[in-house]
>>> print(open('final_10.cif').read())   # mmCIF, C-alpha atoms and all ligand atoms
data_input
#
loop_
_atom_site.label_atom_id
_atom_site.label_comp_id
_atom_site.auth_asym_id
_atom_site.auth_seq_id
_atom_site.Cartn_x
_atom_site.Cartn_y
_atom_site.Cartn_z
CA MET A 24 0.00 0.00 0.00
CA ASN A 25 1.39 3.41 -0.98
CA ALA A 26 1.99 6.09 1.63
CA PRO A 27 -0.63 8.86 1.46
CA LEU A 28 -0.06 11.83 -0.81
CA ASP A 29 1.09 15.06 0.83
CA LEU A 30 -1.15 17.06 -1.50
CA LEU A 31 -3.76 16.27 -4.14
CA LEU A 32 -4.92 18.88 -6.63
CA THR A 33 -8.22 18.11 -8.34
CA GLY A 34 -10.75 19.79 -10.62
CA ALA A 35 -8.35 21.84 -12.76
CA ILE A 36 -7.26 21.44 -16.37
CA ALA A 37 -3.62 20.35 -16.57
CA LEU A 38 -1.39 21.44 -19.43
CA THR A 39 1.42 18.99 -18.90
CA GLY A 40 3.81 19.93 -21.69
CA GLU A 41 4.16 16.19 -22.40
CA ALA A 42 2.83 14.42 -25.50
CA ASN A 43 -0.69 13.96 -24.07
CA SER A 44 -0.56 17.61 -23.21
CA LEU A 45 -4.06 18.32 -21.84
CA ILE A 46 -5.92 16.59 -19.03
CA ASP A 47 -9.41 17.90 -18.35
CA ASP A 48 -10.35 17.55 -14.69
CA ALA A 49 -6.93 16.30 -13.64
CA ALA A 50 -5.83 14.75 -10.37
CA ILE A 51 -2.25 15.68 -9.50
CA GLY A 52 -0.80 13.87 -6.51
CA ILE A 53 2.38 15.09 -4.79
CA ARG A 54 4.56 13.24 -2.31
CA ASP A 55 8.01 14.21 -1.01
CA GLY A 56 8.19 17.13 -3.43
CA ARG A 57 7.51 15.08 -6.54
CA ILE A 58 4.54 14.35 -8.76
CA VAL A 59 3.60 10.73 -8.05
CA HIS A 60 0.14 10.68 -9.60
CA LEU A 61 -1.12 12.45 -12.72
CA ALA A 62 -4.32 11.23 -14.33
CA PRO A 63 -7.92 12.17 -15.12
CA ALA A 64 -9.88 12.50 -11.86
CA CYS A 65 -12.08 9.53 -12.81
CA GLU A 66 -9.14 7.12 -12.37
CA PRO A 67 -8.27 5.57 -8.98
CA CYS A 68 -5.99 7.78 -6.89
CA PRO A 69 -4.08 7.29 -3.61
CA GLU A 70 -5.36 8.84 -0.37
CA ALA A 71 -4.13 12.35 0.42
CA ARG A 72 -3.43 14.24 3.64
CA ARG A 73 -4.64 17.43 1.98
CA THR A 74 -6.82 17.91 -1.09
CA LEU A 75 -7.35 21.18 -2.94
CA HIS A 76 -10.29 21.22 -5.33
CA LEU A 77 -9.56 23.79 -8.03
CA PRO A 78 -12.34 23.99 -10.62
CA GLY A 79 -11.96 26.83 -13.14
CA ARG A 80 -8.18 26.69 -12.87
CA LEU A 81 -5.42 25.77 -15.28
CA ILE A 82 -2.25 24.07 -14.03
CA THR A 83 1.02 24.28 -15.96
CA PRO A 84 4.65 23.42 -15.25
CA GLY A 85 6.56 26.24 -13.58
CA PHE A 86 8.28 28.65 -15.96
CA VAL A 87 12.06 28.77 -16.30
CA ASN A 88 13.10 32.40 -16.68
CA ALA A 89 16.52 31.62 -18.11
CA HIS A 90 18.12 35.07 -17.90
CA LEU A 91 17.19 37.82 -15.50
CA HIS A 92 18.83 40.71 -13.66
CA ALA A 93 16.40 41.15 -10.78
CA VAL A 94 18.34 44.16 -9.47
CA LEU A 95 17.57 46.08 -12.67
CA VAL A 96 14.01 46.83 -11.58
CA MET A 97 15.78 50.08 -10.69
CA VAL A 98 15.69 51.11 -14.37
CA ARG A 99 12.12 49.92 -14.93
CA GLY A 100 10.24 52.18 -17.31
CA VAL A 101 13.54 53.67 -18.51
CA ALA A 102 15.77 50.84 -19.79
CA ALA A 103 13.46 49.94 -22.66
CA ASP A 104 13.92 53.39 -24.21
CA LEU A 105 17.71 53.70 -23.88
CA GLY A 106 18.50 51.81 -27.05
CA PHE A 107 21.02 49.65 -25.20
CA ALA A 108 21.70 47.90 -21.90
CA PRO A 109 21.96 50.25 -18.90
CA SER A 110 25.59 49.19 -18.21
CA TYR A 111 26.63 50.74 -21.52
CA THR A 112 24.62 53.94 -21.06
CA PRO A 113 25.67 57.11 -19.23
CA GLY A 114 23.30 58.94 -16.87
CA VAL A 115 21.43 55.92 -15.44
CA PRO A 116 22.29 54.12 -12.20
CA LYS A 117 24.40 50.98 -12.57
CA GLY A 118 24.48 47.80 -10.54
CA THR A 119 27.94 48.82 -9.41
CA ASP A 120 26.44 52.00 -7.89
CA ALA A 121 24.19 50.00 -5.57
CA THR A 122 25.25 49.04 -2.07
CA PRO A 123 24.79 45.34 -1.22
CA GLU A 124 21.73 46.33 0.88
CA GLU A 125 20.19 48.25 -2.01
CA ALA A 126 20.90 45.38 -4.40
CA ARG A 127 19.26 42.99 -1.98
CA ALA A 128 16.10 45.11 -1.73
CA LEU A 129 15.86 45.54 -5.52
CA ALA A 130 16.56 41.87 -6.24
CA ARG A 131 13.79 40.78 -3.91
CA LEU A 132 11.31 42.90 -5.84
CA GLY A 133 12.47 41.60 -9.22
CA ALA A 134 12.41 38.01 -8.02
CA VAL A 135 9.10 38.15 -6.20
CA GLU A 136 7.52 39.60 -9.31
CA ALA A 137 8.89 36.70 -11.38
CA LEU A 138 7.62 34.21 -8.80
CA LEU A 139 4.16 35.80 -8.60
CA SER A 140 3.80 35.49 -12.36
CA GLY A 141 4.71 31.82 -12.44
CA SER A 142 8.50 31.51 -12.65
CA THR A 143 9.71 28.67 -10.47
CA LEU A 144 13.33 28.98 -11.60
CA VAL A 145 15.24 32.15 -12.42
CA CYS A 146 18.78 32.49 -13.72
CA ASP A 147 19.79 35.75 -12.08
CA HIS A 148 23.11 37.47 -12.57
CA PHE A 149 24.55 40.75 -11.53
CA VAL A 150 26.96 42.48 -9.23
CA HIS A 151 26.41 41.79 -5.52
CA ALA A 152 25.37 38.19 -6.26
CA GLU A 153 26.56 37.24 -2.79
CA ALA A 154 23.87 39.48 -1.29
CA THR A 155 21.12 38.92 -3.85
CA LEU A 156 21.35 35.13 -4.22
CA ASP A 157 20.25 34.48 -0.68
CA ALA A 158 17.66 37.25 -0.80
CA ILE A 159 16.05 35.60 -3.83
CA ALA A 160 16.40 32.05 -2.52
CA GLU A 161 14.58 33.04 0.68
CA LEU A 162 11.42 33.45 -1.43
CA GLY A 163 11.66 29.72 -2.16
CA LEU A 164 12.04 29.64 -5.92
CA ARG A 165 14.97 27.96 -7.66
CA VAL A 166 17.74 30.42 -8.39
CA HIS A 167 20.71 29.73 -10.64
CA ALA A 168 22.80 32.76 -9.91
CA GLY A 169 26.19 34.20 -10.65
CA TRP A 170 28.34 37.28 -10.39
CA ARG A 171 28.50 39.34 -13.57
CA VAL A 172 31.96 38.32 -14.78
CA HIS A 173 34.07 40.48 -17.13
CA ASP A 174 37.57 41.92 -17.27
CA VAL A 175 36.61 45.18 -18.92
CA ASP A 176 36.56 48.23 -16.66
CA PHE A 177 32.79 48.78 -16.74
CA SER A 178 33.05 52.25 -15.23
CA ARG A 179 34.44 53.40 -18.62
CA VAL A 180 32.25 51.42 -21.01
CA ALA A 181 29.35 53.86 -20.73
CA GLN A 182 31.85 56.50 -21.96
CA GLY A 183 32.70 54.32 -24.95
CA GLU A 184 36.05 53.06 -23.62
CA TRP A 185 36.75 49.31 -23.42
CA ARG A 186 39.81 49.02 -21.17
CA PHE A 187 40.68 45.52 -19.97
CA ASP A 188 42.17 44.96 -16.55
CA ALA A 189 43.22 41.44 -15.55
CA ALA A 190 42.77 42.30 -11.85
CA ILE A 191 39.05 43.01 -12.40
CA GLY A 192 38.59 39.67 -14.14
CA GLU A 193 40.49 37.75 -11.47
CA ASP A 194 38.45 39.35 -8.69
CA LEU A 195 35.07 38.58 -10.33
CA LEU A 196 36.09 35.04 -11.22
CA ARG A 197 37.22 34.41 -7.66
CA ARG A 198 33.90 35.74 -6.35
CA THR A 199 32.04 33.39 -8.71
CA LEU A 200 34.06 30.36 -7.66
CA ASP A 201 33.62 31.28 -3.97
CA LEU A 202 29.89 31.54 -4.60
CA HIS A 203 29.98 28.13 -6.26
CA ASP A 204 31.89 26.59 -3.32
CA ARG A 205 29.50 28.08 -0.83
CA TRP A 206 26.09 27.82 -2.47
CA HIS A 207 25.98 25.35 -5.38
CA GLY A 208 23.39 22.71 -4.52
CA ALA A 209 22.28 24.50 -1.33
CA ARG A 210 18.70 24.72 -0.05
CA ASP A 211 17.84 21.20 -1.20
CA GLY A 212 19.36 21.88 -4.59
CA ARG A 213 17.17 24.91 -5.29
CA ILE A 214 20.32 27.03 -5.56
CA GLN A 215 22.83 26.55 -8.34
CA VAL A 216 25.67 28.78 -9.38
CA GLN A 217 26.33 29.67 -13.01
CA MET A 218 29.28 31.40 -14.64
CA ALA A 219 27.73 34.65 -15.82
CA ALA A 220 30.35 35.66 -18.38
CA HIS A 221 28.98 39.08 -19.28
CA ALA A 222 29.55 39.24 -23.05
CA PRO A 223 32.19 38.52 -25.69
CA ASP A 224 33.07 42.23 -25.90
CA THR A 225 33.44 42.78 -22.14
CA CYS A 226 35.65 39.73 -21.62
CA SER A 227 39.01 39.64 -23.41
CA PRO A 228 39.73 36.47 -25.46
CA GLY A 229 42.31 35.31 -22.92
CA PHE A 230 39.83 35.79 -20.10
CA LEU A 231 37.15 33.90 -22.08
CA ARG A 232 39.58 30.94 -22.22
CA THR A 233 40.11 31.09 -18.46
CA ILE A 234 36.34 31.22 -17.89
CA ALA A 235 35.84 28.22 -20.20
CA ALA A 236 38.47 26.20 -18.33
CA GLU A 237 37.10 27.02 -14.86
CA ALA A 238 33.49 26.35 -15.91
CA SER A 239 34.48 23.08 -17.53
CA ALA A 240 36.44 21.92 -14.48
CA ARG A 241 33.35 22.40 -12.32
CA GLY A 242 30.72 21.43 -14.91
CA MET A 243 29.18 24.90 -14.57
CA ARG A 244 26.60 26.36 -16.94
CA VAL A 245 27.82 29.56 -18.60
CA ASN A 246 25.13 32.20 -19.09
CA THR A 247 26.24 35.02 -21.36
CA HIS A 248 24.95 37.81 -23.57
CA LEU A 249 25.80 36.86 -27.16
CA ALA A 250 25.57 39.05 -30.25
CA GLN A 251 23.59 41.55 -28.26
CA SER A 252 24.57 44.67 -30.17
CA ARG A 253 26.15 45.97 -33.32
CA VAL A 254 28.86 47.53 -31.14
CA GLU A 255 29.77 44.09 -29.79
CA VAL A 256 29.97 42.53 -33.26
CA GLU A 257 32.01 45.40 -34.69
CA ARG A 258 34.47 45.46 -31.80
CA ILE A 259 35.07 41.71 -31.88
CA THR A 260 35.34 41.48 -35.64
CA ALA A 261 37.82 44.38 -35.71
CA ALA A 262 39.94 42.85 -32.93
CA THR A 263 39.85 39.17 -33.86
CA GLY A 264 38.37 38.81 -37.35
CA LEU A 265 35.73 36.54 -35.80
CA SER A 266 32.02 36.85 -35.08
CA PRO A 267 31.07 36.77 -31.36
CA ALA A 268 29.80 33.16 -31.69
CA ALA A 269 32.99 32.12 -33.50
CA LEU A 270 35.03 33.76 -30.73
CA LEU A 271 33.16 31.71 -28.12
CA GLU A 272 33.84 28.60 -30.17
CA GLU A 273 37.51 29.50 -30.49
CA THR A 274 37.86 30.12 -26.74
CA GLY A 275 36.16 26.87 -25.72
CA LEU A 276 32.85 28.26 -24.49
CA LEU A 277 30.52 27.07 -27.23
CA ASN A 278 29.14 23.78 -25.91
CA ASP A 279 25.98 22.27 -24.41
CA ARG A 280 26.54 24.10 -21.10
CA LEU A 281 26.27 27.52 -22.80
CA LEU A 282 23.16 29.66 -22.46
CA ALA A 283 23.54 32.32 -25.16
CA THR A 284 21.18 35.17 -24.42
CA HIS A 285 19.86 37.51 -27.15
CA CYS A 286 21.53 36.09 -30.33
CA LEU A 287 20.36 39.21 -32.16
CA TYR A 288 23.24 39.59 -34.60
CA VAL A 289 23.97 35.98 -35.56
CA ASP A 290 24.35 34.94 -39.18
CA GLU A 291 23.78 31.57 -40.82
CA ALA A 292 27.27 30.31 -39.92
CA ASP A 293 26.81 31.36 -36.27
CA ILE A 294 23.45 29.60 -36.09
CA ALA A 295 25.05 26.43 -37.49
CA ARG A 296 27.81 26.77 -34.85
CA LEU A 297 25.29 27.04 -32.02
CA ALA A 298 23.37 24.02 -33.33
CA ARG A 299 26.52 21.92 -33.77
CA ALA A 300 27.68 22.67 -30.25
CA GLY A 301 24.30 21.91 -28.66
CA ALA A 302 24.31 25.40 -27.13
CA HIS A 303 21.04 26.95 -25.92
CA ALA A 304 19.66 30.23 -27.23
CA VAL A 305 17.85 32.27 -24.60
CA HIS A 306 15.34 34.50 -26.33
CA VAL A 307 14.43 37.94 -24.93
CA PRO A 308 11.47 38.80 -27.14
CA LYS A 309 10.14 41.78 -25.27
CA CYS A 310 13.42 43.62 -24.59
CA ASN A 311 14.59 43.01 -28.13
CA ALA A 312 11.36 44.03 -29.81
CA ALA A 313 11.20 47.16 -27.66
CA SER A 314 14.73 47.97 -28.86
CA GLY A 315 13.67 47.51 -32.48
CA ARG A 316 15.47 44.29 -33.33
CA LEU A 317 14.32 40.66 -33.49
CA ALA A 318 16.45 37.58 -32.86
CA PRO A 319 16.19 35.13 -35.79
CA THR A 320 14.25 32.57 -33.76
CA PRO A 321 12.69 30.84 -36.81
CA ALA A 322 16.19 30.17 -38.22
CA LEU A 323 17.55 29.09 -34.83
CA LYS A 324 14.62 26.72 -34.34
CA ALA A 325 14.90 25.32 -37.86
CA ALA A 326 18.60 24.62 -37.25
CA GLY A 327 17.70 22.60 -34.16
CA VAL A 328 18.98 25.01 -31.50
CA ASN A 329 17.19 24.57 -28.17
CA LEU A 330 15.28 27.79 -27.41
CA ALA A 331 14.62 29.04 -23.88
CA LEU A 332 12.81 32.20 -22.88
CA CYS A 333 13.50 35.02 -20.45
CA THR A 334 12.52 38.53 -19.41
CA ASP A 335 16.04 40.00 -18.83
CA THR A 336 15.59 43.64 -17.78
CA GLN A 337 11.88 43.80 -18.57
CA HIS A 338 9.25 42.88 -16.01
CA GLY A 339 9.19 39.22 -15.11
CA ASP A 340 5.97 38.04 -16.78
CA MET A 341 6.76 34.88 -18.75
CA VAL A 342 3.21 34.64 -20.12
CA GLU A 343 3.74 37.95 -21.83
CA ALA A 344 7.18 36.77 -22.99
CA MET A 345 5.54 33.73 -24.65
CA ARG A 346 3.12 36.01 -26.49
CA TRP A 347 5.91 38.30 -27.71
CA ALA A 348 8.01 35.30 -28.75
CA LEU A 349 5.14 34.01 -30.89
CA ALA A 350 4.43 37.40 -32.46
CA THR A 351 8.08 38.23 -33.17
CA ALA A 352 8.65 34.84 -34.84
CA ARG A 353 5.56 35.29 -36.99
CA ILE A 354 6.58 38.82 -37.98
CA GLN A 355 9.79 37.31 -39.36
CA GLN A 356 7.92 34.51 -41.11
CA GLY A 357 5.33 36.85 -42.56
CA GLY A 358 2.38 34.86 -41.26
CA VAL A 359 1.05 32.04 -39.13
CA THR A 360 2.91 28.79 -39.65
CA ALA A 361 2.65 25.27 -38.27
CA ASP A 362 6.02 25.48 -36.49
CA TRP A 363 5.20 28.63 -34.50
CA GLN A 364 2.12 27.86 -32.46
CA PRO A 365 1.25 28.40 -28.77
CA ALA A 366 2.70 24.95 -27.92
CA ASP A 367 6.10 26.03 -29.29
CA VAL A 368 6.46 29.12 -27.11
CA PHE A 369 4.98 27.26 -24.12
CA ARG A 370 7.77 24.69 -24.56
CA MET A 371 10.37 27.48 -24.69
CA ALA A 372 9.10 28.85 -21.37
CA THR A 373 9.11 25.44 -19.69
CA LEU A 374 10.99 22.44 -21.10
CA GLY A 375 13.30 24.55 -23.29
CA GLY A 376 14.43 26.43 -20.19
CA ALA A 377 14.75 23.19 -18.21
CA ARG A 378 16.99 21.77 -20.95
CA ALA A 379 19.09 24.92 -20.98
CA VAL A 380 19.79 24.69 -17.24
CA GLY A 381 20.40 20.93 -17.45
CA MET A 382 17.28 19.91 -15.51
CA ALA A 383 14.99 18.47 -18.20
CA ASP A 384 14.79 15.16 -16.34
CA GLU A 385 13.56 16.92 -13.20
CA ILE A 386 11.37 19.86 -14.25
CA GLY A 387 9.87 21.51 -17.35
CA THR A 388 6.80 19.30 -17.73
CA LEU A 389 4.18 17.81 -15.46
CA ALA A 390 5.03 14.12 -15.31
CA VAL A 391 5.08 11.37 -12.73
CA GLY A 392 8.53 11.27 -11.16
CA LYS A 393 9.37 14.92 -11.84
CA LYS A 394 9.63 17.60 -9.18
CA ALA A 395 6.33 19.23 -8.29
CA ASP A 396 7.11 22.68 -9.70
CA LEU A 397 3.79 23.95 -10.97
CA VAL A 398 1.63 27.00 -11.48
CA VAL A 399 -2.12 27.39 -10.98
CA PHE A 400 -3.81 30.03 -13.14
CA ASP A 401 -7.23 31.33 -12.19
CA THR A 402 -9.13 31.04 -15.47
CA ARG A 403 -12.47 32.15 -14.04
CA ARG A 404 -11.66 35.70 -15.06
CA PRO A 405 -13.56 37.30 -17.97
CA HIS A 406 -10.56 37.63 -20.29
CA LEU A 407 -9.93 33.87 -19.96
CA ARG A 408 -13.52 32.77 -20.71
CA PRO A 409 -14.68 30.81 -22.56
CA LEU A 410 -11.82 28.36 -22.28
CA VAL A 411 -12.27 26.55 -25.59
CA ASN A 412 -8.53 26.11 -26.14
CA PRO A 413 -6.71 26.48 -22.79
CA LEU A 414 -3.20 26.71 -24.26
CA GLY A 415 -4.15 29.20 -26.97
CA THR A 416 -6.08 31.28 -24.45
CA LEU A 417 -3.20 31.28 -21.96
CA VAL A 418 -0.65 32.36 -24.57
CA HIS A 419 -2.84 34.94 -26.32
CA THR A 420 -4.77 36.54 -23.46
CA GLY A 421 -3.26 35.26 -20.20
CA GLN A 422 -1.29 37.45 -17.81
CA GLY A 423 1.28 36.64 -15.18
CA ARG A 424 -1.05 38.23 -12.66
CA ASP A 425 -3.65 35.52 -13.34
CA VAL A 426 -1.40 33.21 -11.31
CA GLU A 427 -3.10 32.11 -8.12
CA MET A 428 -0.67 29.50 -6.76
CA VAL A 429 2.94 28.51 -7.33
CA LEU A 430 4.55 25.34 -6.00
CA VAL A 431 8.23 24.39 -5.98
CA ASP A 432 9.18 20.91 -4.79
CA GLY A 433 5.52 20.62 -3.80
CA GLU A 434 5.90 23.55 -1.39
CA THR A 435 3.35 26.33 -1.80
CA LEU A 436 5.24 29.58 -2.40
CA VAL A 437 2.35 31.65 -3.76
CA GLU A 438 -1.19 31.38 -2.45
CA ASP A 439 -4.09 33.63 -3.52
CA GLY A 440 -1.60 35.49 -5.69
CA ARG A 441 0.61 36.46 -2.73
CA PRO A 442 4.03 35.23 -1.65
CA VAL A 443 3.89 32.85 1.30
CA ARG A 444 7.40 33.43 2.60
CA ALA A 445 7.65 37.20 2.36
CA ASP A 446 5.80 40.42 3.08
CA LEU A 447 5.00 41.86 -0.36
CA GLU A 448 4.30 45.41 0.84
CA GLN A 449 7.60 45.50 2.71
CA ILE A 450 9.48 44.28 -0.39
CA CYS A 451 7.92 47.08 -2.47
CA ILE A 452 8.69 49.76 0.14
CA GLU A 453 12.33 48.70 0.51
CA ALA A 454 12.90 48.45 -3.26
CA ASP A 455 11.31 51.87 -3.83
CA LYS A 456 13.60 53.37 -1.21
CA ALA A 457 16.70 51.78 -2.74
CA ALA A 458 15.78 52.88 -6.27
CA ARG A 459 15.09 56.45 -5.17
CA ALA A 460 18.48 56.64 -3.45
CA LEU A 461 20.23 55.26 -6.55
CA TRP A 462 18.55 57.66 -8.94
CA ALA A 463 19.32 60.57 -6.63
CA ARG A 464 23.04 59.63 -6.70
CA ALA A 465 23.06 59.08 -10.49
ZN ZN B 1 20.94 40.41 -19.63
#
>>> encode(input="final_10.cif", output="structure tokens", more="lines below")
Ligand SMILES: [Zn+2]
Amino acid sequence: MNAPLDLLLTGAIALTGEANSLIDDAAIGIRDGRIVHLAPACEPCPEARRTLHLPGRLITPGFVNAHLHAVLVMVRGVAADLGFAPSYTPGVPKGTDATPEEARALARLGAVEALLSGSTLVCDHFVHAEATLDAIAELGLRVHAGWRVHDVDFSRVAQGEWRFDAAIGEDLLRRTLDLHDRWHGARDGRIQVQMAAHAPDTCSPGFLRTIAAEASARGMRVNTHLAQSRVEVERITAATGLSPAALLEETGLLNDRLLATHCLYVDEADIARLARAGAHAVHVPKCNAASGRLAPTPALKAAGVNLALCTDTQHGDMVEAMRWALATARIQQGGVTADWQPADVFRMATLGGARAVGMADEIGTLAVGKKADLVVFDTRRPHLRPLVNPLGTLVHTGQGRDVEMVLVDGETLVEDGRPVRADLEQICIEADKAARALWARA
């Protein structure tokens, strides 16, 4: 006789992300943090200590937000109109301007927002990772974090000067490796540490080789910005004769542990390189579209590159990111095609992200044996009725703020749309205060 379930969810529609993707009136049984029962409610089901009956709801796997800088909520409403990343732009506060306490307050806001809109895993990188990693992890979601690693002197980049300093690189690399020693696998494995190599133009080729060697020795994922700007491509081509992707290949970084974020300026040869290496492209549809440029996602997908999805410096709503990913692919294709449908962007937000972070066996779909990372959407709201096609409705009219519950490892982290482990009002007040102080100093 099986031990009783810790939790049984009934009455909702489940979008599993697996081949038999939709279960009407599903019964989802959770024990010891894992899904142990997933079937239509009419089938026999083990006893449960607690049952939640959720009619009018839609349950999906948790979203993997594969590239985020939670601290950058400080440039919310501004960054999208700068034409480039804040780090490269004069006159706006930088992560380096924040104290660890300010970074902590800002990161908690960025992360709680991602959690409230259904992200169960965020890859978060920036300065002050030592302070922000724990602040994010306290909310309960999975965080794969890292220091922003580069050997350029970032204080001069906004003035158009790329000056490399080996001491800067050594310091940031040491901080990353210390973070890895201290945190990788902590909090029941919810914390992992990635090598957040900033970008091919802010890391010198020699430093890229060092990063590749250190990451390889520890089996670390490398999360980088790739082909993010024309400036990056021009600088690298002038200095090395290579494209940014070719430079990563040449320095040993292009492999199946690489998460290449943006991929805006990649050509056919670069796309073939990414596919050959088994690297993952992390798509930032909303940031990129707002900046007036689209990543060639149809070509990347056709070449077989795994696509993940993220919100980067924009607000952390992965439902909206799915919608933008679908629209921006179709704009490039000139119409609606069979290979860009709601299921494709849903996969990017879930299993594609899980593959990118190396956890496809554990998360990314709802399946017996996988970790119970899931999201409950309240579909009783007028914009989600009638629910003729749940997946199409979620992708085309859903919002992150339709999320009612979020579970990680079967633990409820969001209930009634509010974080369980933190005081939301307090998070907002502290982040507001930190942002005001930063802007005043900038
Ligand atoms: Zn970024």
>>> residues_near_point(input="final_10.cif", point="(21.3, 61.6, -8.2)", cutoff="12 Å", atoms="only C-alpha atoms", output="PyMOL selection string")
chain A and resi 114-117+120+458-465
>>> residues_around(input="final_10.cif", residues="region 266-276 of chain A", least_positions_apart="4", cutoff="9 Å", atoms="only C-alpha atoms", output="PyMOL selection string")
chain A and resi 222-224+228-236+238-239+245+249-250+255-257+259-260+280-281+286+288-290+292-294+296-297+300
>>> residues_around(input="final_10.cif", residues="region 349-354 of chain A", least_positions_apart="2", cutoff="12 Å", atoms="only C-alpha atoms", output="PDB file with C-alpha atoms, in the coordinates of the input")
ATOM      1  CA  HIS A 306      15.340  34.500 -26.330  1.00  0.00           C
ATOM      2  CA  VAL A 307      14.430  37.940 -24.930  1.00  0.00           C
ATOM      3  CA  PRO A 308      11.470  38.800 -27.140  1.00  0.00           C
ATOM      4  CA  LYS A 309      10.140  41.780 -25.270  1.00  0.00           C
ATOM      5  CA  CYS A 310      13.420  43.620 -24.590  1.00  0.00           C
ATOM      6  CA  ASN A 311      14.590  43.010 -28.130  1.00  0.00           C
ATOM      7  CA  ALA A 312      11.360  44.030 -29.810  1.00  0.00           C
ATOM      8  CA  ALA A 313      11.200  47.160 -27.660  1.00  0.00           C
ATOM      9  CA  GLY A 315      13.670  47.510 -32.480  1.00  0.00           C
ATOM     10  CA  ARG A 316      15.470  44.290 -33.330  1.00  0.00           C
ATOM     11  CA  LEU A 317      14.320  40.660 -33.490  1.00  0.00           C
ATOM     12  CA  ALA A 318      16.450  37.580 -32.860  1.00  0.00           C
ATOM     13  CA  PRO A 319      16.190  35.130 -35.790  1.00  0.00           C
ATOM     14  CA  THR A 320      14.250  32.570 -33.760  1.00  0.00           C
ATOM     15  CA  PRO A 321      12.690  30.840 -36.810  1.00  0.00           C
ATOM     16  CA  ALA A 322      16.190  30.170 -38.220  1.00  0.00           C
ATOM     17  CA  LEU A 323      17.550  29.090 -34.830  1.00  0.00           C
ATOM     18  CA  LYS A 324      14.620  26.720 -34.340  1.00  0.00           C
ATOM     19  CA  ALA A 325      14.900  25.320 -37.860  1.00  0.00           C
ATOM     20  CA  LEU A 332      12.810  32.200 -22.880  1.00  0.00           C
ATOM     21  CA  VAL A 342       3.210  34.640 -20.120  1.00  0.00           C
ATOM     22  CA  GLU A 343       3.740  37.950 -21.830  1.00  0.00           C
ATOM     23  CA  ALA A 344       7.180  36.770 -22.990  1.00  0.00           C
ATOM     24  CA  MET A 345       5.540  33.730 -24.650  1.00  0.00           C
ATOM     25  CA  ARG A 346       3.120  36.010 -26.490  1.00  0.00           C
ATOM     26  CA  TRP A 347       5.910  38.300 -27.710  1.00  0.00           C
ATOM     27  CA  GLN A 356       7.920  34.510 -41.110  1.00  0.00           C
ATOM     28  CA  GLY A 357       5.330  36.850 -42.560  1.00  0.00           C
ATOM     29  CA  GLY A 358       2.380  34.860 -41.260  1.00  0.00           C
ATOM     30  CA  VAL A 359       1.050  32.040 -39.130  1.00  0.00           C
ATOM     31  CA  THR A 360       2.910  28.790 -39.650  1.00  0.00           C
ATOM     32  CA  ALA A 361       2.650  25.270 -38.270  1.00  0.00           C
ATOM     33  CA  ASP A 362       6.020  25.480 -36.490  1.00  0.00           C
ATOM     34  CA  TRP A 363       5.200  28.630 -34.500  1.00  0.00           C
ATOM     35  CA  GLN A 364       2.120  27.860 -32.460  1.00  0.00           C
ATOM     36  CA  PRO A 365       1.250  28.400 -28.770  1.00  0.00           C
ATOM     37  CA  ALA A 366       2.700  24.950 -27.920  1.00  0.00           C
ATOM     38  CA  ASP A 367       6.100  26.030 -29.290  1.00  0.00           C
ATOM     39  CA  VAL A 368       6.460  29.120 -27.110  1.00  0.00           C
ATOM     40  CA  PHE A 369       4.980  27.260 -24.120  1.00  0.00           C
ATOM     41  CA  ARG A 370       7.770  24.690 -24.560  1.00  0.00           C
ATOM     42  CA  MET A 371      10.370  27.480 -24.690  1.00  0.00           C
ATOM     43  CA  ALA A 372       9.100  28.850 -21.370  1.00  0.00           C
ATOM     44  CA  GLY A 415      -4.150  29.200 -26.970  1.00  0.00           C
ATOM     45  CA  VAL A 418      -0.650  32.360 -24.570  1.00  0.00           C
ATOM     46  CA  HIS A 419      -2.840  34.940 -26.320  1.00  0.00           C
TER      47      HIS A 419
END
>>> closest_residue(input="final_10.cif", among="A:Pro442, A:Pro67, A:Pro113, A:Gly133", to="Thr336 (chain A)", atoms="all atoms listed in the file")
A:Gly133
>>> closest_residue(input="final_10.cif", among="A:Cys146, A:Leu30, A:Ala154, A:Leu105", to="ligand ZN 1 (chain B)", atoms="all atoms listed in the file")
A:Cys146
>>> residues_near_ligand(input="final_10.cif", ligand="ligand ZN 1 (chain B)", cutoff="8 Å", atoms="only C-alpha atoms and all ligand atoms", output="ChimeraX atom specification")
/A:90-92,108,148,247-248,284,335-336
>>> residues_near_point(input="final_10.cif", point="(20.8, 32.9, -1.7)", cutoff="9 Å", atoms="only C-alpha atoms", output="NGL selection string")
:A and (152-161 or 166 or 168 or 206 or 209-210 or 214)
>>> closest_residue(input="final_10.cif", among="A:Lys394, A:Arg253, A:His167, A:Arg424", to="Gln217 (chain A)", atoms="all atoms listed in the file")
A:His167
>>> residues_around(input="final_10.cif", residues="region 84-88 of chain A", least_positions_apart="5", cutoff="9 Å", atoms="all atoms listed in the file", output="PyMOL selection string")
chain A and resi 37-40+137+140-147+331-335+339+341-342+369+371-377+380+386-389+395-399+429-431
>>> residues_around(input="final_10.cif", residues="region 434-439 of chain A", least_positions_apart="3", cutoff="8 Å", atoms="all atoms listed in the file", output="list in words")
Gly56, Leu138, Leu139, Leu162, Gly163, Leu164, Glu427, Met428, Val429, Leu430, Val431, Pro442, Val443 and Arg444 of chain A
>>> residues_around(input="final_10.cif", residues="Ile51 (chain A)", least_positions_apart="3", cutoff="7 Å", atoms="only C-alpha atoms", output="PyMOL selection string")
chain A and resi 31-33+58+60-62
